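Structure below is upload37.cif: mmCIF, C-alpha atoms.
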data_protein
loop_
_atom_site.label_atom_id
_atom_site.label_comp_id
_atom_site.auth_asym_id
_atom_site.auth_seq_id
_atom_site.Cartn_x
_atom_site.Cartn_y
_atom_site.Cartn_z
CA MET A 1 -215.58 -124.51 -99.87
CA GLU A 2 -212.60 -123.72 -97.65
CA LYS A 3 -209.43 -122.95 -99.58
CA GLU A 4 -206.45 -125.22 -99.10
CA ASN A 5 -203.72 -122.59 -99.09
CA PHE A 6 -203.05 -119.13 -97.74
CA SER A 7 -202.21 -116.25 -100.08
CA PRO A 8 -198.84 -114.47 -99.87
CA LYS A 9 -200.54 -111.55 -98.09
CA GLU A 10 -201.97 -113.95 -95.54
CA ILE A 11 -198.60 -115.65 -95.12
CA LEU A 12 -197.02 -112.26 -94.41
CA SER A 13 -199.68 -111.45 -91.84
CA MET A 14 -199.17 -114.83 -90.15
CA THR A 15 -195.38 -114.43 -90.23
CA LEU A 16 -195.54 -110.99 -88.62
CA ALA A 17 -197.88 -112.24 -85.89
CA ASN A 18 -195.66 -115.29 -85.36
CA GLY A 19 -192.65 -113.01 -84.96
CA VAL A 20 -194.40 -111.19 -82.12
CA ASN A 21 -195.47 -114.45 -80.48
CA LYS A 22 -191.93 -115.81 -80.57
CA THR A 23 -190.66 -112.88 -78.49
CA LYS A 24 -193.31 -113.73 -75.88
CA LEU A 25 -192.48 -117.44 -75.70
CA LYS A 26 -191.64 -118.59 -72.18
CA THR A 27 -187.98 -119.41 -71.59
CA ARG A 28 -188.69 -123.03 -70.67
CA ALA A 29 -190.61 -123.70 -73.88
CA GLN A 30 -188.06 -121.78 -75.92
CA PHE A 31 -185.21 -123.82 -74.44
CA PHE A 32 -186.72 -127.21 -75.16
CA LEU A 33 -187.97 -126.23 -78.62
CA GLY A 34 -184.58 -124.70 -79.44
CA VAL A 35 -182.74 -127.83 -78.34
CA LEU A 36 -185.13 -129.97 -80.39
CA ALA A 37 -184.48 -127.87 -83.51
CA GLY A 38 -180.72 -128.28 -83.09
CA MET A 39 -181.22 -132.02 -82.69
CA TYR A 40 -183.42 -132.26 -85.79
CA ILE A 41 -180.96 -130.40 -88.02
CA ALA A 42 -178.06 -132.44 -86.64
CA LEU A 43 -179.92 -135.68 -87.33
CA GLY A 44 -180.42 -134.49 -90.89
CA GLY A 45 -176.68 -133.85 -91.12
CA ALA A 46 -175.80 -137.25 -89.68
CA SER A 47 -178.17 -139.25 -91.88
CA SER A 48 -177.32 -137.36 -95.07
CA THR A 49 -173.59 -137.87 -94.50
CA ILE A 50 -174.14 -141.61 -94.01
CA VAL A 51 -176.11 -141.63 -97.28
CA ASN A 52 -173.30 -139.70 -98.95
CA ASN A 53 -170.80 -142.35 -97.90
CA LEU A 54 -173.10 -145.17 -98.99
CA GLY A 55 -173.33 -143.49 -102.40
CA LYS A 56 -169.63 -143.90 -103.15
CA GLY A 57 -169.29 -145.63 -106.48
CA PHE A 58 -172.77 -144.61 -107.63
CA ASN A 59 -173.65 -141.75 -109.93
CA PRO A 60 -172.39 -138.66 -108.00
CA GLN A 61 -175.22 -136.43 -109.26
CA ILE A 62 -177.87 -138.85 -108.02
CA THR A 63 -176.04 -139.29 -104.73
CA LYS A 64 -175.97 -135.52 -104.23
CA ILE A 65 -179.72 -135.31 -104.78
CA LEU A 66 -180.31 -138.16 -102.31
CA VAL A 67 -178.08 -136.44 -99.76
CA GLY A 68 -180.05 -133.22 -100.15
CA LEU A 69 -183.39 -134.98 -99.78
CA THR A 70 -182.21 -136.95 -96.74
CA PHE A 71 -181.05 -133.79 -94.99
CA THR A 72 -184.54 -132.29 -95.26
CA ILE A 73 -185.81 -134.42 -92.37
CA GLY A 74 -184.43 -131.67 -90.14
CA ILE A 75 -186.49 -128.79 -91.53
CA VAL A 76 -189.59 -130.98 -91.95
CA ALA A 77 -189.40 -131.91 -88.25
CA VAL A 78 -188.96 -128.25 -87.30
CA VAL A 79 -191.85 -127.02 -89.44
CA VAL A 80 -194.34 -129.84 -88.94
CA GLY A 81 -193.34 -131.01 -85.47
CA GLY A 82 -192.78 -127.51 -84.13
CA ALA A 83 -189.40 -126.25 -82.91
CA GLU A 84 -187.40 -123.03 -82.60
CA LEU A 85 -184.71 -122.83 -85.28
CA PHE A 86 -182.37 -119.83 -85.36
CA THR A 87 -182.22 -119.57 -89.13
CA GLY A 88 -186.00 -119.77 -89.46
CA ASN A 89 -186.41 -117.17 -86.73
CA ILE A 90 -184.66 -114.60 -88.91
CA LEU A 91 -188.15 -114.16 -90.41
CA MET A 92 -189.01 -112.43 -87.13
CA PHE A 93 -187.26 -109.40 -88.57
CA GLY A 94 -190.51 -108.71 -90.41
CA ALA A 95 -192.26 -107.95 -87.11
CA THR A 96 -189.45 -105.54 -86.25
CA LEU A 97 -189.78 -103.87 -89.66
CA ASP A 98 -193.48 -103.49 -88.90
CA LYS A 99 -192.61 -101.95 -85.52
CA ARG A 100 -194.42 -104.69 -83.62
CA THR A 101 -191.27 -105.84 -81.82
CA LYS A 102 -188.24 -103.98 -80.56
CA LEU A 103 -184.81 -104.68 -82.05
CA GLY A 104 -183.47 -105.61 -78.62
CA ASN A 105 -186.15 -108.26 -78.13
CA LEU A 106 -185.43 -109.63 -81.60
CA LEU A 107 -181.69 -109.93 -81.00
CA TYR A 108 -182.24 -111.47 -77.57
CA ASN A 109 -184.47 -114.14 -79.12
CA TRP A 110 -181.90 -114.90 -81.81
CA LEU A 111 -179.09 -115.20 -79.27
CA LYS A 112 -180.99 -117.58 -76.99
CA VAL A 113 -182.30 -119.78 -79.79
CA TYR A 114 -178.82 -119.90 -81.35
CA LEU A 115 -177.35 -121.21 -78.09
CA TYR A 116 -180.20 -123.70 -77.57
CA ASN A 117 -179.76 -124.98 -81.15
CA PHE A 118 -176.05 -125.47 -80.41
CA ILE A 119 -176.88 -127.52 -77.32
CA GLY A 120 -179.22 -129.71 -79.35
CA ALA A 121 -176.64 -130.21 -82.09
CA LEU A 122 -173.97 -131.16 -79.54
CA LEU A 123 -176.32 -133.67 -77.97
CA ILE A 124 -176.64 -135.46 -81.32
CA VAL A 125 -172.87 -135.22 -81.78
CA ALA A 126 -172.44 -137.19 -78.55
CA ILE A 127 -175.14 -139.72 -79.46
CA VAL A 128 -173.76 -140.35 -82.95
CA PHE A 129 -170.14 -140.54 -81.79
CA TYR A 130 -170.59 -142.77 -78.74
CA SER A 131 -173.16 -145.05 -80.38
CA ASN A 132 -170.41 -146.12 -82.80
CA ILE A 133 -172.76 -146.16 -85.79
CA LEU A 134 -170.32 -144.48 -88.17
CA SER A 135 -168.26 -146.53 -90.60
CA ASP A 136 -164.64 -145.63 -91.25
CA GLY A 137 -165.67 -144.18 -94.59
CA THR A 138 -168.29 -141.92 -93.00
CA LYS A 139 -165.82 -140.79 -90.35
CA GLU A 140 -163.35 -139.88 -93.07
CA LEU A 141 -166.08 -137.99 -94.91
CA PHE A 142 -166.91 -135.96 -91.79
CA VAL A 143 -163.26 -134.97 -91.46
CA ASN A 144 -163.16 -133.98 -95.12
CA ILE A 145 -166.30 -131.87 -94.62
CA TYR A 146 -164.64 -130.20 -91.65
CA ASN A 147 -161.51 -129.40 -93.65
CA ALA A 148 -163.57 -127.94 -96.48
CA LYS A 149 -165.71 -125.82 -94.17
CA THR A 150 -162.79 -124.40 -92.20
CA SER A 151 -160.49 -123.66 -95.16
CA GLN A 152 -162.74 -121.23 -97.04
CA GLY A 153 -162.42 -117.47 -96.80
CA PHE A 154 -164.72 -115.13 -94.86
CA LEU A 155 -166.45 -113.68 -97.92
CA GLU A 156 -167.09 -117.07 -99.50
CA LEU A 157 -168.60 -118.45 -96.29
CA PHE A 158 -170.63 -115.27 -95.77
CA VAL A 159 -172.15 -115.39 -99.26
CA LYS A 160 -172.85 -119.12 -98.95
CA GLY A 161 -174.65 -118.32 -95.71
CA ILE A 162 -176.82 -115.77 -97.52
CA GLY A 163 -177.77 -118.27 -100.20
CA CYS A 164 -178.56 -120.89 -97.60
CA ASN A 165 -180.96 -118.87 -95.52
CA ILE A 166 -182.82 -117.37 -98.43
CA LEU A 167 -183.77 -120.99 -99.13
CA VAL A 168 -184.36 -122.03 -95.50
CA CYS A 169 -186.63 -119.06 -94.85
CA LEU A 170 -188.35 -119.73 -98.17
CA SER A 171 -188.92 -123.25 -96.86
CA VAL A 172 -190.65 -121.90 -93.75
CA TRP A 173 -192.57 -119.34 -95.82
CA LEU A 174 -193.89 -121.96 -98.26
CA ALA A 175 -194.80 -124.37 -95.48
CA THR A 176 -196.86 -121.60 -93.86
CA ALA A 177 -198.91 -121.36 -97.06
CA SER A 178 -200.42 -124.80 -96.63
CA LYS A 179 -202.90 -126.16 -94.12
CA GLU A 180 -202.25 -129.81 -94.99
CA ILE A 181 -199.32 -131.78 -93.57
CA THR A 182 -198.24 -133.54 -96.78
CA ALA A 183 -198.12 -130.22 -98.61
CA LYS A 184 -196.12 -128.71 -95.73
CA VAL A 185 -193.59 -131.55 -96.00
CA PHE A 186 -193.02 -131.08 -99.71
CA ALA A 187 -193.06 -127.28 -99.53
CA SER A 188 -190.49 -127.19 -96.73
CA ALA A 189 -188.26 -129.98 -98.02
CA PHE A 190 -187.36 -128.89 -101.54
CA PRO A 191 -185.81 -125.46 -100.83
CA VAL A 192 -183.59 -127.06 -98.17
CA ALA A 193 -182.62 -129.90 -100.51
CA ILE A 194 -181.55 -127.24 -103.02
CA PHE A 195 -179.29 -125.48 -100.50
CA ILE A 196 -177.55 -128.79 -99.77
CA ILE A 197 -177.17 -129.59 -103.47
CA CYS A 198 -175.75 -126.11 -104.09
CA GLY A 199 -173.28 -126.42 -101.23
CA PHE A 200 -174.47 -123.41 -99.24
CA GLU A 201 -173.66 -123.04 -95.53
CA HIS A 202 -176.06 -123.40 -92.59
CA CYS A 203 -174.79 -122.36 -89.16
CA VAL A 204 -176.90 -124.83 -87.15
CA ALA A 205 -175.91 -127.73 -89.39
CA ASN A 206 -172.29 -126.71 -88.92
CA MET A 207 -172.81 -126.86 -85.15
CA PHE A 208 -173.03 -130.61 -85.79
CA TYR A 209 -170.57 -131.12 -88.64
CA LEU A 210 -167.62 -129.34 -87.04
CA PRO A 211 -167.76 -130.84 -83.51
CA ILE A 212 -168.39 -134.40 -84.75
CA ALA A 213 -165.35 -134.15 -87.02
CA MET A 214 -163.21 -132.86 -84.15
CA MET A 215 -164.29 -135.75 -81.96
CA ILE A 216 -163.47 -138.21 -84.74
CA SER A 217 -160.04 -136.69 -85.35
CA GLY A 218 -159.30 -136.12 -81.67
CA THR A 219 -158.62 -132.42 -82.14
CA CYS A 220 -160.21 -129.29 -80.69
CA ASP A 221 -159.75 -126.09 -82.66
CA ILE A 222 -162.21 -123.46 -81.44
CA LEU A 223 -160.73 -120.82 -83.74
CA ALA A 224 -161.42 -123.01 -86.77
CA VAL A 225 -165.03 -123.39 -85.65
CA LEU A 226 -165.38 -119.63 -85.22
CA HIS A 227 -163.70 -119.10 -88.59
CA ASN A 228 -166.68 -120.90 -90.11
CA LEU A 229 -169.57 -120.06 -87.81
CA VAL A 230 -169.07 -116.29 -87.63
CA PRO A 231 -169.34 -115.53 -91.37
CA VAL A 232 -171.92 -118.27 -91.96
CA THR A 233 -174.12 -116.99 -89.13
CA LEU A 234 -173.89 -113.41 -90.40
CA GLY A 235 -174.69 -114.61 -93.92
CA ASN A 236 -177.67 -116.60 -92.66
CA ILE A 237 -178.99 -113.49 -90.92
CA VAL A 238 -178.62 -111.38 -94.05
CA GLY A 239 -180.20 -114.05 -96.27
CA GLY A 240 -183.28 -114.37 -94.09
CA MET A 241 -183.60 -110.60 -93.73
CA ILE A 242 -183.47 -110.19 -97.51
CA LEU A 243 -186.32 -112.64 -98.02
CA ILE A 244 -188.67 -111.23 -95.39
CA THR A 245 -187.87 -107.62 -96.31
CA PHE A 246 -188.75 -108.22 -99.96
CA TYR A 247 -192.02 -109.94 -99.05
CA TYR A 248 -192.83 -107.25 -96.50
CA TYR A 249 -192.55 -104.36 -98.93
CA ALA A 250 -194.24 -106.36 -101.71
CA TYR A 251 -197.38 -107.25 -99.73
CA LYS A 252 -197.63 -104.92 -96.76
CA GLU A 253 -200.42 -102.40 -97.33
#
Go through the file and emit its structure as structure tokens.
Amino acid sequence: MEKENFSPKEILSMTLANGVNKTKLKTRAQFFLGVLAGMYIALGGASSTIVNNLGKGFNPQITKILVGLTFTIGIVAVVVGGAELFTGNILMFGATLDKRTKLGNLLYNWLKVYLYNFIGALLIVAIVFYSNILSDGTKELFVNIYNAKTSQGFLELFVKGIGCNILVCLSVWLATASKEITAKVFASAFPVAIFIICGFEHCVANMFYLPIAMMISGTCDILAVLHNLVPVTLGNIVGGMILITFYYYAYKE
């Protein structure tokens, strides 16, 4: 009887091979898959914020859980549907650790996918804003999210980025363990829901949250965006590298 799940050793082997394959992905495919990933995460951010606003007046703990679960549509679409997400691609560091890929190729992949994710997120920003689907309460909530994300210090944002991508990469890792779609959905969703509930920071999600808030408020502060994205991105890189490094040295023979 064929087993339903892969072992951690098998997951590591698949992750290392996947890291190599990602560096060989053609630019055209990488572009479209990167844009799709940015769109998926942005759609998760849009829908979860709408749910957050709808939850005003309800039990705040339950609302927070619902917000976290709603956001997970982004990672589920990436994992099950197939897309190139910058934060998930930090797992490629394992292939570099194993000397299967060069550091330069790794960094070049990360840079391109990061930019493609940003394009996808901005596309959803335009769709959400110009479709006029946001209530006044949701617009106000987006602005409040922007203010909170751009008023924190470098260290706080950096550490929140670490916490976030430990969970996002865990999401990808756990989804890899299963061969069955339903199991992949549940395995990938819950770690991401936890990072939302905890209030950690995800750079690709912020590529949606910050621009949509600026469009709503009619302002454009690039420095404020960089104030958030730089430490969060660095934290996301470190978080993902921690996870794959630990698994690599635990299971690599």
Subject >> Residues matched by the PyMOL selection byres ((chain A and resi 201) around 10) as a ChimeraX atom specification >> reply: /A:149,156-165,195-196,198-200,202-206,228-229,231-233,235-236
Subject >> Ground truth for the PyMOL selection byres ((chain A and resi 66) around 9), written as a VMD selection string >> reply: chain A and resid 48 51 to 52 55 61 to 65 67 to 71 193
Original post:
To one decimal place, how far is atom CA of A:Met214 from atom CA of A:Phe142 in Å?
Top reply: 9.0 Å
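We find atom CA of A:Leu174 and atom CA of A:Leu243 to be spaced 12.0 Å apart.
Closest approach to A:Val225 among A:Ala148, A:Leu85, A:Ala189, A:Val35 is made by A:Ala148 (distances from all atoms listed in the file).
Each of A:Asn5, A:Thr23, A:Asn89, A:Ser13 was compared to A:Met241 using all atoms listed in the file, and A:Asn89 turns out to be the nearest.
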Subject >> Among the residues A:Gly104, A:Gly38, A:Gly240, A:Pro191, the one that comes closest to A:Met207 [using only C-alpha atoms] >> reply: A:Gly38
Pull out every residue that the PyMOL selection byres ((chain A and resi 95) around 12) matches in the shown coordinates and put them as a short mmCIF file (atom, residue, chain, number, x, y, z; two decimals) with C-alpha atoms, in the frame of the given file.
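Done, and the output landed in expr.cif:
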data_model
loop_
_atom_site.label_atom_id
_atom_site.label_comp_id
_atom_site.auth_asym_id
_atom_site.auth_seq_id
_atom_site.Cartn_x
_atom_site.Cartn_y
_atom_site.Cartn_z
CA LEU A 12 -197.02 -112.26 -94.41
CA SER A 13 -199.68 -111.45 -91.84
CA MET A 14 -199.17 -114.83 -90.15
CA THR A 15 -195.38 -114.43 -90.23
CA LEU A 16 -195.54 -110.99 -88.62
CA ALA A 17 -197.88 -112.24 -85.89
CA ASN A 18 -195.66 -115.29 -85.36
CA GLY A 19 -192.65 -113.01 -84.96
CA VAL A 20 -194.40 -111.19 -82.12
CA ASN A 21 -195.47 -114.45 -80.48
CA LYS A 22 -191.93 -115.81 -80.57
CA THR A 23 -190.66 -112.88 -78.49
CA ASN A 89 -186.41 -117.17 -86.73
CA ILE A 90 -184.66 -114.60 -88.91
CA LEU A 91 -188.15 -114.16 -90.41
CA MET A 92 -189.01 -112.43 -87.13
CA PHE A 93 -187.26 -109.40 -88.57
CA GLY A 94 -190.51 -108.71 -90.41
CA THR A 96 -189.45 -105.54 -86.25
CA LEU A 97 -189.78 -103.87 -89.66
CA ASP A 98 -193.48 -103.49 -88.90
CA LYS A 99 -192.61 -101.95 -85.52
CA ARG A 100 -194.42 -104.69 -83.62
CA THR A 101 -191.27 -105.84 -81.82
CA LYS A 102 -188.24 -103.98 -80.56
CA LEU A 103 -184.81 -104.68 -82.05
CA ASN A 105 -186.15 -108.26 -78.13
CA LEU A 106 -185.43 -109.63 -81.60
CA MET A 241 -183.60 -110.60 -93.73
CA ILE A 244 -188.67 -111.23 -95.39
CA THR A 245 -187.87 -107.62 -96.31
CA TYR A 248 -192.83 -107.25 -96.50
CA LYS A 252 -197.63 -104.92 -96.76
#
Original post:
Which residues, written as a PyMOL selection string, have at least one atom at most 9 Å from A:Phe32, with only C-alpha atoms counted and residues fewer than 6 positions away on the same chain left out?
Top reply: chain A and resi 83-84+116+120
Residue completion, stretch 108-126 of chain A, N, CA and C atoms, as a compact mmCIF listing (two decimals), in the frame of the given file:
# COMPACT_ATOMS: atom_id res chain seq x y z
N TYR A 108 -182.28 -110.59 -78.74
CA TYR A 108 -182.24 -111.47 -77.57
C TYR A 108 -182.81 -112.84 -77.90
N ASN A 109 -183.90 -112.87 -78.67
CA ASN A 109 -184.47 -114.14 -79.12
C ASN A 109 -183.47 -114.90 -79.96
N TRP A 110 -182.87 -114.23 -80.92
CA TRP A 110 -181.90 -114.90 -81.81
C TRP A 110 -180.74 -115.49 -81.02
N LEU A 111 -180.23 -114.73 -80.06
CA LEU A 111 -179.09 -115.20 -79.27
C LEU A 111 -179.45 -116.45 -78.48
N LYS A 112 -180.58 -116.42 -77.81
CA LYS A 112 -180.99 -117.58 -76.99
C LYS A 112 -181.24 -118.81 -77.86
N VAL A 113 -181.98 -118.64 -78.93
CA VAL A 113 -182.30 -119.78 -79.79
C VAL A 113 -181.03 -120.34 -80.43
N TYR A 114 -180.10 -119.47 -80.79
CA TYR A 114 -178.82 -119.90 -81.35
C TYR A 114 -178.09 -120.82 -80.37
N LEU A 115 -178.03 -120.41 -79.12
CA LEU A 115 -177.35 -121.21 -78.09
C LEU A 115 -178.09 -122.52 -77.84
N TYR A 116 -179.42 -122.48 -77.80
CA TYR A 116 -180.20 -123.70 -77.57
C TYR A 116 -180.05 -124.67 -78.75
N ASN A 117 -180.01 -124.14 -79.97
CA ASN A 117 -179.76 -124.98 -81.15
C ASN A 117 -178.40 -125.66 -81.04
N PHE A 118 -177.41 -124.92 -80.55
CA PHE A 118 -176.05 -125.47 -80.41
C PHE A 118 -176.06 -126.62 -79.40
N ILE A 119 -176.78 -126.45 -78.32
CA ILE A 119 -176.88 -127.52 -77.32
C ILE A 119 -177.49 -128.77 -77.94
N GLY A 120 -178.57 -128.58 -78.70
CA GLY A 120 -179.22 -129.71 -79.35
C GLY A 120 -178.32 -130.42 -80.34
N ALA A 121 -177.57 -129.63 -81.12
CA ALA A 121 -176.64 -130.21 -82.09
C ALA A 121 -175.54 -131.01 -81.39
N LEU A 122 -175.02 -130.47 -80.29
CA LEU A 122 -173.97 -131.16 -79.54
C LEU A 122 -174.48 -132.45 -78.91
N LEU A 123 -175.74 -132.45 -78.52
CA LEU A 123 -176.32 -133.67 -77.97
C LEU A 123 -176.32 -134.79 -79.01
N ILE A 124 -176.66 -134.46 -80.24
CA ILE A 124 -176.64 -135.46 -81.32
C ILE A 124 -175.21 -135.84 -81.68
N VAL A 125 -174.29 -134.89 -81.58
CA VAL A 125 -172.87 -135.22 -81.78
C VAL A 125 -172.46 -136.34 -80.83
N ALA A 126 -172.81 -136.19 -79.55
CA ALA A 126 -172.44 -137.19 -78.55
C ALA A 126 -173.13 -138.53 -78.83
